[in-house]
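Structure first, then comments.
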Amino acid sequence: MSKENLRALELTEQKEIGKAVLLLINQYPKLGSFIGTDTASFNFLDKEKGISVFTSTGAVYLKENIWGEYEAQFPFEIAVKKPTNSDKERLALSDFLEALTVYVTSNKDAIRLDDGRTVESLEQTGVVSFVGRDAMSDIYRVGLRLIYKKE
């Protein structure tokens, strides 16, 4: 299948995979102590602080067959937001996101997918980057890509 002919991943499928990734992020031991919230959210960042998984464009079925088996990719971003007052605090926020990303990519086997789906790979696709400032809070993000199969 050429890249132009790839079928978009069903929206319900994207939500299910996003929830599975979110569950892993919520298991990160340092989640609440640094940001000040114990739970990451899905496609939402609080007004002042938080962690969220955002779906990205490019969620597609990479391979499909007539028996219903497929390989798919789910690109997503993790974003963090926290009030900062100095370069030291901004660097700490960036370092936190980098450590969280290492945790997520190192624990891909802990992502629980159902219905015969298994994680093949999970990789960081870009560097941690500054998104912007909202009032007193800075926002950083990083891109990742999950490849999984259903057999």
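As shown in the structure tokens, the chain order sets the letters A, B, ...; within each chain, residues go from 1, and ligands are also counted from 1 in the order they appear.
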_Give me, as a list in words, all polymer residues having an atom no more than 9 Å from range 130-134 of chain A, counting only C-alpha atoms and skipping those fewer than 3 positions away in the same chain._
Lys47, Glu48, Ala79, Lys81, Pro83, Ser94, Ser137, Asp138, Ile139, Tyr140 and Arg141 of chain A
I need the chosen residues saved as a PDB file, in the first residue's frame, with C-alpha atoms.
ATOM      1  CA  LYS A  47      -5.447  26.393  32.782  1.00  0.00           C
ATOM      2  CA  GLU A  48      -2.410  26.488  35.110  1.00  0.00           C
ATOM      3  CA  ALA A  79       2.577  17.958  26.751  1.00  0.00           C
ATOM      4  CA  LYS A  81       2.382  22.752  31.586  1.00  0.00           C
ATOM      5  CA  PRO A  83       4.144  27.884  36.165  1.00  0.00           C
ATOM      6  CA  SER A  94      11.915  20.262  29.980  1.00  0.00           C
ATOM      7  CA  SER A 137       2.808  28.739  32.812  1.00  0.00           C
ATOM      8  CA  ASP A 138       5.184  27.325  30.213  1.00  0.00           C
ATOM      9  CA  ILE A 139       4.174  24.471  27.929  1.00  0.00           C
ATOM     10  CA  TYR A 140       6.559  21.857  26.514  1.00  0.00           C
ATOM     11  CA  ARG A 141       5.764  18.964  24.198  1.00  0.00           C
TER      12      ARG A 141
END
*Mind checking which residues fall within 10 Å of Ile111 in chain A, counting only C-alpha atoms, ignoring those fewer than 2 positions away in the same chain, and posting them as a list in words?*
Ile17, Lys19, Ala20, Val21, Leu22, Leu23, Leu24, Ile25, Val104, Asn107, Lys108, Asp109, Leu113, Asp114, Thr118 and Val119 of chain A
Write a file of the just-selected residues containing N, CA, C and O atoms, as a PDB file, in the first residue's frame.
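What follows is the written file result_17.pdb:
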ATOM      1  N   ILE A  17      -6.521   3.443  21.930  1.00  0.00           N
ATOM      2  CA  ILE A  17      -5.059   3.406  22.019  1.00  0.00           C
ATOM      3  C   ILE A  17      -4.575   4.571  22.883  1.00  0.00           C
ATOM      4  O   ILE A  17      -3.683   4.406  23.727  1.00  0.00           O
ATOM      5  N   LYS A  19      -6.145   5.990  25.357  1.00  0.00           N
ATOM      6  CA  LYS A  19      -6.426   5.662  26.759  1.00  0.00           C
ATOM      7  C   LYS A  19      -5.393   4.689  27.313  1.00  0.00           C
ATOM      8  O   LYS A  19      -4.973   4.816  28.466  1.00  0.00           O
ATOM      9  N   ALA A  20      -4.959   3.733  26.499  1.00  0.00           N
ATOM     10  CA  ALA A  20      -3.954   2.773  26.947  1.00  0.00           C
ATOM     11  C   ALA A  20      -2.618   3.465  27.219  1.00  0.00           C
ATOM     12  O   ALA A  20      -1.935   3.167  28.208  1.00  0.00           O
ATOM     13  N   VAL A  21      -2.239   4.414  26.364  1.00  0.00           N
ATOM     14  CA  VAL A  21      -1.018   5.191  26.581  1.00  0.00           C
ATOM     15  C   VAL A  21      -1.161   6.051  27.833  1.00  0.00           C
ATOM     16  O   VAL A  21      -0.247   6.147  28.656  1.00  0.00           O
ATOM     17  N   LEU A  22      -2.319   6.653  27.997  1.00  0.00           N
ATOM     18  CA  LEU A  22      -2.599   7.490  29.160  1.00  0.00           C
ATOM     19  C   LEU A  22      -2.461   6.701  30.462  1.00  0.00           C
ATOM     20  O   LEU A  22      -1.912   7.199  31.449  1.00  0.00           O
ATOM     21  N   LEU A  23      -2.931   5.468  30.479  1.00  0.00           N
ATOM     22  CA  LEU A  23      -2.800   4.624  31.671  1.00  0.00           C
ATOM     23  C   LEU A  23      -1.331   4.420  32.051  1.00  0.00           C
ATOM     24  O   LEU A  23      -0.971   4.447  33.225  1.00  0.00           O
ATOM     25  N   LEU A  24      -0.476   4.220  31.041  1.00  0.00           N
ATOM     26  CA  LEU A  24       0.954   4.065  31.319  1.00  0.00           C
ATOM     27  C   LEU A  24       1.537   5.359  31.890  1.00  0.00           C
ATOM     28  O   LEU A  24       2.276   5.324  32.876  1.00  0.00           O
ATOM     29  N   ILE A  25       1.203   6.483  31.298  1.00  0.00           N
ATOM     30  CA  ILE A  25       1.721   7.764  31.784  1.00  0.00           C
ATOM     31  C   ILE A  25       1.294   7.996  33.230  1.00  0.00           C
ATOM     32  O   ILE A  25       2.076   8.471  34.055  1.00  0.00           O
ATOM     33  N   VAL A 104       8.161   6.224  29.338  1.00  0.00           N
ATOM     34  CA  VAL A 104       7.109   5.696  28.459  1.00  0.00           C
ATOM     35  C   VAL A 104       7.707   4.774  27.401  1.00  0.00           C
ATOM     36  O   VAL A 104       7.218   3.661  27.191  1.00  0.00           O
ATOM     37  N   ASN A 107       8.931   1.445  28.773  1.00  0.00           N
ATOM     38  CA  ASN A 107       7.910   0.566  29.348  1.00  0.00           C
ATOM     39  C   ASN A 107       6.784   0.270  28.364  1.00  0.00           C
ATOM     40  O   ASN A 107       5.643   0.044  28.770  1.00  0.00           O
ATOM     41  N   LYS A 108       7.104   0.211  27.077  1.00  0.00           N
ATOM     42  CA  LYS A 108       6.072  -0.030  26.067  1.00  0.00           C
ATOM     43  C   LYS A 108       5.343  -1.343  26.291  1.00  0.00           C
ATOM     44  O   LYS A 108       4.166  -1.469  25.963  1.00  0.00           O
ATOM     45  N   ASP A 109       6.016  -2.322  26.889  1.00  0.00           N
ATOM     46  CA  ASP A 109       5.378  -3.615  27.141  1.00  0.00           C
ATOM     47  C   ASP A 109       4.291  -3.529  28.208  1.00  0.00           C
ATOM     48  O   ASP A 109       3.480  -4.444  28.340  1.00  0.00           O
ATOM     49  N   LEU A 113      -3.198  -3.458  25.434  1.00  0.00           N
ATOM     50  CA  LEU A 113      -4.176  -3.333  24.366  1.00  0.00           C
ATOM     51  C   LEU A 113      -5.019  -4.603  24.372  1.00  0.00           C
ATOM     52  O   LEU A 113      -4.529  -5.674  24.697  1.00  0.00           O
ATOM     53  N   ASP A 114      -6.275  -4.476  24.007  1.00  0.00           N
ATOM     54  CA  ASP A 114      -7.138  -5.648  23.993  1.00  0.00           C
ATOM     55  C   ASP A 114      -7.469  -6.050  22.557  1.00  0.00           C
ATOM     56  O   ASP A 114      -6.934  -5.495  21.604  1.00  0.00           O
ATOM     57  N   THR A 118      -1.169  -5.994  19.881  1.00  0.00           N
ATOM     58  CA  THR A 118       0.088  -5.986  20.636  1.00  0.00           C
ATOM     59  C   THR A 118       0.984  -4.845  20.152  1.00  0.00           C
ATOM     60  O   THR A 118       1.026  -4.535  18.957  1.00  0.00           O
ATOM     61  N   VAL A 119       1.702  -4.251  21.073  1.00  0.00           N
ATOM     62  CA  VAL A 119       2.621  -3.163  20.757  1.00  0.00           C
ATOM     63  C   VAL A 119       3.867  -3.736  20.087  1.00  0.00           C
ATOM     64  O   VAL A 119       4.467  -4.684  20.583  1.00  0.00           O
TER      65      VAL A 119
END
_Nearest candidate to Phe76 in chain A (options A:Ala92, A:Leu45, A:Ala59, A:Leu100; using only C-alpha atoms)_ = A:Ala59
*asked:* I need the residues of chain A that end up classed as helix (DSSP H, G or I) by DSSP on the backbone, written out as a ChimeraX atom specification.
replied: /A:3-5,11-25,31-35,87-106,108-110
*Restricting the calculation to only C-alpha atoms, which member of A:Lys150, A:Leu9, A:Val102, A:Lys82 is positioned closest to Asp46 in chain A?*
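For Asp46 in chain A, the nearest of the candidates is A:Lys82.
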*asked:* Could you list, as a PyMOL selection string, every residue within 9 Å of range 61-73 of chain A, counting only C-alpha atoms and ignoring same-chain residues fewer than 3 positions away?
replied: chain A and resi 1+3+6-9+58+120+145-151
*Per DSSP on the backbone, filter range 33-116 of chain A down to the residues in strand (DSSP E) and report them as a ChimeraX atom specification.*
/A:41-42,50-55,60-64,70-83
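Once Thr37 in chain A and its same-chain neighbours fewer than 2 positions away are set aside, A:Asn26, A:Tyr28, A:Pro29, A:Lys30, A:Leu31, A:Gly32, A:Ser33, A:Phe34, A:Ile35, A:Thr39, A:Ala40, A:Ser41, A:Leu45, A:Asp46, A:Glu48, A:Lys49, A:Gly50, A:Ile51, A:Ser52, A:Val80, A:Lys81, A:Lys82 remain within 12 Å of it when counting only C-alpha atoms.
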*One decimal, Å: what's the distance from CA of Glu123 in chain A over to CA of Val60 in chain A, could you say?*
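Separating CA of Glu123 in chain A from CA of Val60 in chain A is a distance of 16.3 Å.
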_Shortest interatomic distance to Ala135 in chain A - which of A:Ser106, A:Asn85, A:Ser56, A:Thr12, counting only C-alpha atoms_ =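 That would be A:Asn85, the residue with the smallest distance to Ala135 in chain A.
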*Measure the distance from CA of Gln124 in chain A to CA of Leu93 in chain A in Å and round it to one decimal.*
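Atom-to-atom, CA of Gln124 in chain A to CA of Leu93 in chain A, that is 17.5 Å.
Atom pair CA of Thr84 in chain A / CA of Glu98 in chain A: separated by 17.1 Å.
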